[in-house]
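Raw coords-v2.txt, compact mmCIF, C-alpha atoms and all ligand atoms:
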```
# COMPACT_ATOMS: atom_id res chain seq x y z
CA MET I 5 28.10 16.17 232.43
CA ASN I 6 30.11 14.48 235.20
CA THR I 7 33.77 13.55 234.78
CA LYS I 8 33.04 9.81 234.56
CA VAL I 9 30.64 10.23 231.59
CA THR I 10 33.13 12.54 229.80
CA HIS I 11 35.85 9.96 230.36
CA ILE I 12 33.74 7.11 228.90
CA SER I 13 32.73 9.25 225.88
CA LEU I 14 36.39 10.04 225.21
CA LEU I 15 37.35 6.36 225.37
CA LEU I 16 34.49 5.48 222.99
CA LEU I 17 35.61 8.17 220.55
CA ILE I 18 39.21 6.92 220.62
CA ALA I 19 37.98 3.34 220.05
CA LEU I 20 35.88 4.42 217.05
CA ILE I 21 38.77 6.34 215.51
CA SER I 22 41.09 3.33 215.99
CA VAL I 23 38.63 0.94 214.32
CA GLY I 24 38.39 3.36 211.39
CA GLN I 25 42.17 3.56 211.16
CA VAL I 26 42.61 -0.23 211.25
CA ARG I 27 40.09 -0.59 208.40
CA ALA I 28 41.77 2.16 206.34
CA GLN I 29 45.14 0.67 207.13
CA SER I 30 44.07 -2.79 206.06
CA LEU I 31 42.67 -1.47 202.76
CA LYS I 32 46.07 0.14 202.23
CA ASN I 33 47.66 -3.26 202.82
CA VAL I 34 45.24 -4.85 200.36
CA ILE I 35 46.19 -2.24 197.74
CA ASP I 36 49.94 -2.59 198.34
CA LYS I 37 49.77 -6.38 198.09
CA ALA I 38 47.62 -6.12 194.95
CA PHE I 39 50.21 -3.82 193.33
CA ARG I 40 53.09 -6.15 194.24
CA ASN I 41 51.29 -9.11 192.73
CA ALA I 42 50.26 -7.14 189.64
CA GLU I 43 53.83 -5.95 189.09
CA GLN I 44 55.18 -9.50 189.24
CA GLN I 45 52.59 -10.82 186.80
CA SER I 46 52.91 -7.91 184.39
CA LEU I 47 56.70 -8.13 184.26
CA LEU I 48 56.39 -11.85 183.42
CA MET I 49 53.89 -10.89 180.71
CA ALA I 50 56.16 -8.17 179.32
CA ARG I 51 59.18 -10.49 179.19
CA LYS I 52 57.05 -13.09 177.37
CA TYR I 53 56.02 -10.64 174.63
CA GLU I 54 59.21 -8.57 174.47
CA ASN I 55 60.67 -10.60 171.61
CA GLN I 56 57.43 -11.06 169.70
CA PRO I 57 57.53 -7.90 167.55
CA GLY I 58 54.26 -5.98 167.35
CA ARG I 59 52.35 -8.43 169.58
CA LEU I 60 50.27 -7.49 172.59
CA PRO I 61 48.47 -9.73 175.11
CA LYS I 62 44.74 -10.33 174.61
CA SER I 63 43.55 -13.15 176.86
CA PHE I 64 44.24 -16.67 178.12
CA GLU I 65 41.71 -19.31 177.12
CA GLY I 66 41.76 -23.10 177.41
CA GLY I 67 45.26 -22.92 178.89
CA LYS I 68 46.59 -20.95 175.91
CA ASP I 69 47.75 -17.36 175.47
CA THR I 70 45.94 -15.29 172.89
CA SER I 71 47.52 -12.12 171.52
CA SER I 72 46.85 -9.45 168.93
CA ASP I 73 48.58 -6.77 166.94
CA SER I 74 47.75 -3.10 167.53
CA ARG I 75 44.55 -3.26 165.44
CA TRP I 76 42.54 -5.01 168.18
CA TRP I 77 40.54 -2.48 170.23
CA CYS I 78 42.34 -3.54 173.40
CA SER I 79 45.90 -2.91 172.23
CA GLY I 80 46.42 0.11 174.51
CA PHE I 81 45.44 -1.57 177.76
CA PHE I 82 48.58 -3.60 178.52
CA PRO I 83 50.87 -0.60 177.91
CA GLY I 84 48.48 1.46 180.05
CA SER I 85 48.70 -1.10 182.86
CA LEU I 86 52.48 -0.87 182.74
CA TRP I 87 52.22 2.93 183.08
CA TYR I 88 50.03 2.61 186.19
CA LEU I 89 52.47 0.11 187.66
CA TYR I 90 55.38 2.44 186.91
CA GLU I 91 53.49 5.34 188.49
CA ASN I 92 53.14 3.23 191.63
CA ASN I 93 56.73 2.02 191.69
CA LYS I 94 59.42 3.82 189.68
CA ASN I 95 61.11 0.59 188.60
CA THR I 96 63.23 1.13 185.46
CA GLU I 97 62.23 -2.24 183.99
CA LEU I 98 58.58 -1.19 184.15
CA LEU I 99 59.46 2.08 182.40
CA LYS I 100 61.36 0.25 179.66
CA TYR I 101 58.38 -2.04 178.98
CA ALA I 102 55.77 0.72 179.27
CA LYS I 103 57.61 2.60 176.50
CA LEU I 104 58.19 -0.51 174.38
CA PHE I 105 54.55 -1.67 174.38
CA THR I 106 53.23 1.89 174.00
CA ASP I 107 55.33 2.27 170.85
CA ARG I 108 53.70 -0.88 169.45
CA VAL I 109 50.35 0.96 169.37
CA GLU I 110 51.58 4.16 167.65
CA ARG I 111 50.40 3.31 164.14
CA GLU I 112 46.79 3.41 165.42
CA LYS I 113 47.01 7.21 165.37
CA TYR I 114 46.00 6.88 161.71
CA THR I 115 42.98 4.66 162.46
CA THR I 116 39.83 6.00 160.82
CA ASP I 117 37.86 2.79 160.25
CA ASN I 118 36.54 2.39 163.83
CA HIS I 119 36.03 4.42 167.01
CA ASP I 120 38.43 2.52 169.28
CA VAL I 121 41.34 4.87 168.69
CA GLY I 122 40.46 6.58 171.98
CA PHE I 123 40.81 3.36 173.99
CA MET I 124 43.99 2.44 172.12
CA LEU I 125 45.83 5.73 172.43
CA TYR I 126 44.51 7.43 175.54
CA CYS I 127 45.22 4.45 177.81
CA SER I 128 48.74 3.98 176.43
CA PHE I 129 50.09 7.32 175.17
CA GLY I 130 47.73 9.33 177.38
CA ASN I 131 49.07 7.78 180.57
CA GLY I 132 52.61 7.89 179.22
CA LEU I 133 52.25 11.62 178.62
CA ARG I 134 50.66 12.23 182.02
CA ILE I 135 53.46 10.42 183.80
CA THR I 136 56.55 11.36 181.76
CA GLY I 137 55.57 14.51 179.81
CA GLU I 138 57.16 12.98 176.68
CA GLU I 139 56.73 15.52 173.82
CA HIS I 140 56.34 12.96 171.05
CA TYR I 141 53.32 11.41 172.79
CA LYS I 142 51.44 14.71 172.31
CA GLU I 143 51.80 14.47 168.52
CA VAL I 144 50.56 10.85 168.58
CA LEU I 145 47.50 11.77 170.64
CA LEU I 146 46.63 14.82 168.53
CA THR I 147 46.96 12.85 165.28
CA GLY I 148 44.76 10.13 166.82
CA ALA I 149 42.13 12.68 167.84
CA LYS I 150 42.08 14.06 164.27
CA SER I 151 41.60 10.52 162.95
CA LEU I 152 38.73 9.94 165.36
CA ALA I 153 37.13 13.25 164.39
CA THR I 154 36.79 12.00 160.79
CA ARG I 155 34.13 9.61 162.10
CA PHE I 156 31.88 12.44 163.29
CA ASP I 157 29.00 13.29 160.97
CA PRO I 158 27.56 16.68 161.95
CA LYS I 159 24.15 15.72 160.47
CA VAL I 160 23.92 12.81 162.92
CA GLY I 161 25.82 14.55 165.74
CA LEU I 162 27.74 11.47 166.88
CA ILE I 163 30.97 9.61 166.18
CA ARG I 164 30.21 6.44 164.24
CA SER I 165 31.42 3.36 166.14
CA TRP I 166 31.49 0.61 163.55
CA ASP I 167 31.49 0.21 159.77
CA HIS I 168 30.36 -3.43 159.68
CA ASN I 169 26.82 -4.90 159.42
CA THR I 170 25.68 -2.12 157.06
CA ALA I 171 22.70 -4.23 155.97
CA ILE I 172 21.29 -3.83 159.50
CA TRP I 173 22.80 -0.63 160.86
CA GLN I 174 23.00 2.66 158.96
CA TYR I 175 25.08 4.48 161.56
CA PRO I 176 25.82 2.33 164.64
CA VAL I 177 26.89 3.96 167.88
CA ILE I 178 27.70 1.79 170.89
CA ILE I 179 27.62 2.87 174.50
CA ASP I 180 31.35 2.02 174.73
CA ASN I 181 32.01 4.96 172.38
CA LEU I 182 31.65 7.35 175.34
CA MET I 183 35.06 6.16 176.46
CA ASN I 184 36.71 7.56 173.35
CA LEU I 185 35.62 11.13 174.04
CA GLU I 186 38.29 11.70 176.68
CA LEU I 187 40.87 11.82 173.88
CA MET I 188 38.78 14.49 172.13
CA LEU I 189 38.56 16.59 175.29
CA TRP I 190 42.31 16.31 175.78
CA ALA I 191 42.89 17.38 172.14
CA ALA I 192 40.65 20.44 172.60
CA LYS I 193 42.61 21.53 175.67
CA TYR I 194 46.01 20.84 174.17
CA SER I 195 45.46 22.32 170.70
CA GLY I 196 43.00 25.09 171.62
CA ASP I 197 40.79 23.86 168.78
CA ASP I 198 37.32 23.81 170.28
CA SER I 199 35.87 21.63 167.52
CA PHE I 200 37.17 18.54 169.37
CA ARG I 201 35.21 19.54 172.49
CA LYS I 202 32.09 20.27 170.44
CA ILE I 203 32.22 16.78 168.94
CA ALA I 204 32.58 15.19 172.39
CA VAL I 205 29.71 17.22 173.87
CA SER I 206 27.41 16.56 170.92
CA HIS I 207 28.12 12.83 171.15
CA ALA I 208 27.60 12.75 174.92
CA ASP I 209 24.33 14.71 174.70
CA LYS I 210 22.77 12.61 171.97
CA THR I 211 23.85 9.41 173.72
CA MET I 212 22.15 10.61 176.88
CA ILE I 213 18.90 11.10 174.97
CA HIS I 214 18.84 7.99 172.82
CA HIS I 215 20.87 5.29 174.56
CA PHE I 216 19.27 5.48 177.99
CA ARG I 217 15.98 4.03 179.23
CA PRO I 218 13.77 5.58 181.92
CA ASP I 219 15.40 3.36 184.59
CA HIS I 220 18.86 4.75 183.56
CA SER I 221 20.08 1.48 182.06
CA SER I 222 21.38 1.69 178.52
CA TYR I 223 21.12 -0.08 175.20
CA HIS I 224 24.32 -1.39 173.72
CA VAL I 225 23.91 -0.39 170.06
CA VAL I 226 21.82 2.50 168.76
CA SER I 227 21.85 2.89 165.01
CA TYR I 228 20.87 6.25 163.54
CA ASP I 229 19.12 7.10 160.31
CA LYS I 230 21.75 9.03 158.37
CA LYS I 231 19.21 11.44 156.88
CA THR I 232 17.14 12.30 159.95
CA GLY I 233 19.80 11.79 162.64
CA LEU I 234 17.23 9.84 164.67
CA PRO I 235 17.56 6.24 165.90
CA HIS I 236 16.17 3.56 163.60
CA LYS I 237 17.30 0.57 165.70
CA LYS I 238 18.12 -0.09 169.36
CA GLN I 239 19.81 -3.43 169.92
CA THR I 240 22.43 -5.42 171.70
CA HIS I 241 25.58 -7.03 170.38
CA GLN I 242 27.29 -8.50 173.43
CA GLY I 243 24.35 -8.49 175.85
CA ALA I 244 21.62 -11.03 176.63
CA ALA I 245 18.83 -9.22 174.74
CA ASP I 246 18.10 -5.93 173.02
CA ASP I 247 16.31 -4.62 176.11
CA SER I 248 18.76 -6.05 178.67
CA ALA I 249 21.42 -4.23 180.67
CA TRP I 250 24.75 -5.58 179.41
CA SER I 251 27.03 -5.16 182.42
CA ARG I 252 30.15 -3.71 180.88
CA GLY I 253 28.07 -1.31 178.81
CA GLN I 254 26.50 0.04 182.01
CA SER I 255 29.98 0.53 183.47
CA TRP I 256 31.19 2.33 180.32
CA GLY I 257 28.24 4.71 180.71
CA LEU I 258 29.01 5.37 184.37
CA TYR I 259 32.69 5.97 183.67
CA GLY I 260 31.93 8.12 180.63
CA TYR I 261 29.57 10.60 182.28
CA THR I 262 31.80 10.79 185.36
CA TYR I 263 34.84 12.05 183.42
CA LEU I 264 32.59 14.15 181.17
CA TYR I 265 31.49 15.97 184.32
CA ARG I 266 35.11 16.28 185.50
CA GLU I 267 36.10 17.87 182.20
CA THR I 268 33.04 20.07 181.48
CA LYS I 269 31.45 20.66 184.91
CA ASP I 270 28.07 20.23 183.17
CA GLN I 271 25.62 19.27 185.94
CA ARG I 272 23.58 17.11 183.54
CA TYR I 273 26.51 14.73 183.20
CA LEU I 274 26.89 14.52 186.97
CA GLU I 275 23.18 13.70 187.37
CA GLN I 276 23.48 11.10 184.64
CA ALA I 277 26.45 9.43 186.33
CA LYS I 278 24.68 9.43 189.70
CA ASN I 279 21.56 7.91 188.16
CA ILE I 280 23.57 5.14 186.52
CA ALA I 281 25.43 4.46 189.78
CA ASN I 282 22.11 4.24 191.60
CA PHE I 283 20.73 1.81 189.00
CA LEU I 284 23.78 -0.44 189.36
CA ILE I 285 24.27 -0.36 193.12
CA ASN I 286 20.60 -1.13 193.81
CA HIS I 287 20.05 -3.62 191.02
CA PRO I 288 18.33 -6.76 192.36
CA GLN I 289 20.73 -8.96 190.38
CA MET I 290 23.85 -7.21 191.63
CA PRO I 291 25.71 -9.79 193.78
CA LYS I 292 26.64 -8.91 197.36
CA ASP I 293 30.32 -8.66 196.38
CA PHE I 294 29.43 -6.12 193.65
CA ILE I 295 31.10 -8.12 190.87
CA PRO I 296 28.33 -8.13 188.24
CA TYR I 297 27.19 -11.07 186.18
CA TRP I 298 27.97 -10.45 182.48
CA ASP I 299 24.45 -9.04 181.96
CA TYR I 300 22.11 -7.81 184.70
CA ASN I 301 19.29 -9.60 182.86
CA ALA I 302 21.17 -12.79 181.96
CA PRO I 303 18.47 -15.48 182.12
CA GLN I 304 20.93 -17.99 183.64
CA ILE I 305 21.66 -15.93 186.80
CA PRO I 306 23.00 -17.17 189.26
CA ASN I 307 24.37 -20.04 187.15
CA THR I 308 26.39 -17.94 184.79
CA THR I 309 29.66 -16.06 184.61
CA ARG I 310 30.65 -12.82 186.25
CA ASP I 311 32.43 -10.01 184.48
CA ALA I 312 35.34 -8.73 186.55
CA SER I 313 35.97 -6.08 183.87
CA ALA I 314 32.51 -4.58 184.47
CA ALA I 315 33.45 -4.40 188.16
CA THR I 316 36.85 -2.75 187.64
CA VAL I 317 35.47 -0.09 185.28
CA MET I 318 32.65 0.55 187.76
CA ALA I 319 35.03 0.74 190.74
CA SER I 320 37.36 3.17 189.01
CA ALA I 321 34.42 5.37 187.97
CA LEU I 322 32.83 5.32 191.44
CA ILE I 323 36.08 6.43 193.07
CA GLU I 324 36.18 9.48 190.81
CA LEU I 325 32.43 10.12 191.13
CA SER I 326 32.74 10.08 194.92
CA ASP I 327 34.81 13.30 194.64
CA PHE I 328 31.80 15.12 193.18
CA VAL I 329 28.96 14.11 195.53
CA ASP I 330 27.83 14.81 199.09
CA ALA I 331 29.26 12.96 202.09
CA ASP I 332 26.45 10.38 202.35
CA LEU I 333 26.65 9.39 198.72
CA LYS I 334 30.43 9.34 198.84
CA LYS I 335 30.28 6.93 201.78
CA LYS I 336 27.85 4.73 199.89
CA TYR I 337 30.00 4.64 196.73
CA MET I 338 33.22 4.01 198.64
CA LYS I 339 31.63 1.14 200.56
CA VAL I 340 30.82 -0.51 197.23
CA VAL I 341 34.37 0.14 195.99
CA ASP I 342 35.85 -1.26 199.20
CA THR I 343 33.88 -4.49 198.70
CA GLN I 344 34.79 -4.72 195.03
CA ILE I 345 38.51 -4.16 195.59
CA ARG I 346 38.75 -6.61 198.49
CA THR I 347 36.92 -9.23 196.41
CA LEU I 348 39.05 -8.66 193.32
CA ALA I 349 42.23 -8.74 195.41
CA SER I 350 41.26 -12.08 196.97
CA ASP I 351 42.43 -15.47 195.68
CA GLU I 352 39.03 -15.92 194.07
CA TYR I 353 39.81 -13.23 191.46
CA THR I 354 43.55 -12.57 191.68
CA ALA I 355 45.80 -15.11 189.98
CA LYS I 356 48.99 -16.37 191.58
CA PRO I 357 52.17 -15.16 189.81
CA GLY I 358 52.94 -17.45 186.88
CA GLU I 359 49.32 -18.59 186.48
CA ASN I 360 46.41 -17.23 184.40
CA GLY I 361 48.66 -16.50 181.40
CA ASN I 362 50.25 -13.75 183.54
CA PHE I 363 47.08 -11.68 183.65
CA ILE I 364 46.30 -10.15 187.03
CA LEU I 365 42.59 -10.95 187.32
CA LYS I 366 40.48 -13.98 186.51
CA HIS I 367 36.77 -14.26 185.66
CA SER I 368 35.88 -11.64 183.07
CA THR I 369 33.47 -12.06 180.18
CA GLY I 370 34.29 -10.61 176.75
CA ALA I 371 31.34 -11.56 174.56
CA PHE I 372 29.06 -14.20 176.06
CA PRO I 373 26.68 -14.58 173.07
CA PHE I 374 29.67 -15.36 170.83
CA LYS I 375 31.21 -17.73 173.42
CA ALA I 376 34.31 -15.53 173.21
CA GLU I 377 36.49 -14.88 176.26
CA VAL I 378 33.94 -16.26 178.72
CA ASP I 379 35.24 -16.58 182.28
CA ALA I 380 38.64 -15.47 181.03
CA PRO I 381 41.22 -12.82 181.90
CA LEU I 382 41.11 -9.61 179.87
CA THR I 383 43.56 -6.73 179.46
CA TYR I 384 40.93 -4.13 180.24
CA ALA I 385 39.86 -5.80 183.50
CA ASP I 386 43.51 -5.51 184.59
CA TYR I 387 43.89 -1.96 183.30
CA TYR I 388 40.86 -0.50 185.10
CA TYR I 389 41.75 -2.51 188.23
CA LEU I 390 45.17 -0.83 188.32
CA GLU I 391 43.54 2.53 187.64
CA ALA I 392 41.12 1.93 190.53
CA LEU I 393 43.99 0.91 192.84
CA THR I 394 45.92 4.03 191.81
CA ARG I 395 42.94 6.31 192.37
CA LEU I 396 42.15 4.69 195.70
CA LYS I 397 45.74 4.89 196.95
CA LYS I 398 45.83 8.61 196.21
CA ARG I 399 42.68 9.11 198.29
CA LEU I 400 43.59 7.09 201.40
N1 LIG I 501 34.31 -2.15 173.74
C1 LIG I 501 34.03 -3.52 173.56
C2 LIG I 501 33.68 -4.22 174.82
O1 LIG I 501 33.50 -3.61 175.86
O2 LIG I 501 33.59 -5.43 174.77
```
Would you mind writing the file out in structure tokens?
Amino acid sequence: MNTKVTHISLLLLIALISVGQVRAQSLKNVIDKAFRNAEQQSLLMARKYENQPGRLPKSFEGGKDTSSDSRWWCSGFFPGSLWYLYENNKNTELLKYAKLFTDRVEREKYTTDNHDVGFMLYCSFGNGLRITGEEHYKEVLLTGAKSLATRFDPKVGLIRSWDHNTAIWQYPVIIDNLMNLELMLWAAKYSGDDSFRKIAVSHADKTMIHHFRPDHSSYHVVSYDKKTGLPHKKQTHQGAADDSAWSRGQSWGLYGYTYLYRETKDQRYLEQAKNIANFLINHPQMPKDFIPYWDYNAPQIPNTTRDASAATVMASALIELSDFVDADLKKKYMKVVDTQIRTLASDEYTAKPGENGNFILKHSTGAFPFKAEVDAPLTYADYYYLEALTRLKKRL
């Protein structure tokens, strides 16, 4: 090779590296700006609810705030968001509010009438423990895990999600329930009692068999016959149809099998997560910005609402999944995440401070068939967005 060619190759290489750096740098700027905005909004939200004892934000619809007490399945998300913000910026006001709103959820450690105790406690107390090491939070989480374990019937092999609609469902299990197993896996590690892990693994294995279709999409609700332990109904609750792919449900599945692989190193869970990711990324109805419509089979597409929460759960899961796959797949996943985060951080999805009821993101869909929280902000869209930003920042 002559000197001139070597010189040109070197210049080209330097140019390529610089372009890469500018892109990485600008994603860092996007993340930093997103955190600053999120902190402003969340502090306004916290100050608004500080003097409303026991209340937690829920949504903002028709120009009005909606809130809940700790019983609503989403009660742990706002405290969890405050923990992520505090992890990013050790501001003492954030710490004060993270503790205050986390405490509001504590009584849910005794919840035995639904499966959401994992969402409620692991997002709030779980993050609080991870970040501060607070001893008391361990007791709350272990008590919560014991409460959740009461919903496991060994004959069926799964944790029962809901107790309502008993005329239709004998033993309903929803795909969302995968998210509650992380608390069980934590409890097994912390207490040394392996029965928590066995429950989680049994639930994950049976869900893999009965919730998923050959194309790796999943049903929302599978109800089991209590005597045989086999499904007697496969339906939807929040999706477009029984055989449709409800967007958030698909994201719960992706997130669930990703952390199940992290915690167990069982290759079947990794394959499952990769298959779900592949289904989602290549879905013909997935928009170019990778912010899904509320159901991949919604008959009204493209004239219907998106679900930013399905995108934030998916983004956070893909970031973690990218740690476990080969370089090509990692690149593919991170390209999707890059697009999602830049879209969510844009004015189209991110609210200006003081607007949107002080939620960070706009345009989520809670339950379209019930006309509930349609094109609205949601605490869990914000929570998983902050988790995705945190995970991404650590990997830049
Ligand atoms: N876990 C309830 C929902 O995703 O709407």
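One distance worth recording is that between atom CA of His241 of chain I and atom CA of Phe372 of chain I, which is 9.8 Å.
Contacts with ligand LIG 501 (chain I) are defined as any residue atom within 9 Å of a ligand atom, using all atoms listed in the file; the residues meeting this criterion are Trp77, Cys78, Asp120, Phe123, Ile178, Ile179, Asp180, Asn181, Met183, Gln242, Arg252, Gly253, Trp256, Ser313, Ala314, Thr369, Gly370, Ala371 and Tyr384 of chain I.
Ranking I:Thr262, I:Asn33, I:Thr240, I:Gln304 by their shortest atom-to-atom distance to Ser326 of chain I, with only C-alpha atoms included, puts I:Thr262 first.
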(request) Considering all atoms listed in the file, state which residue in the set I:Lys335, I:His220, I:Arg346, I:Arg395 is at the smallest distance from Ile295 of chain I. (result) I:Arg346
(message) My list of candidates is I:Ser128, I:Gln239, I:Asn360, I:Ser165. Which is closest to Leu187 of chain I when distances are computed with all atoms listed in the file?
(response) I:Ser128
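Shell of Thr136 of chain I at 10 Å, with all atoms listed in the file counted and residues fewer than 3 places along the chain excluded, is Trp87, Glu91, Leu99, Asn131, Gly132, Leu133, Glu139 and Tyr141 of chain I.
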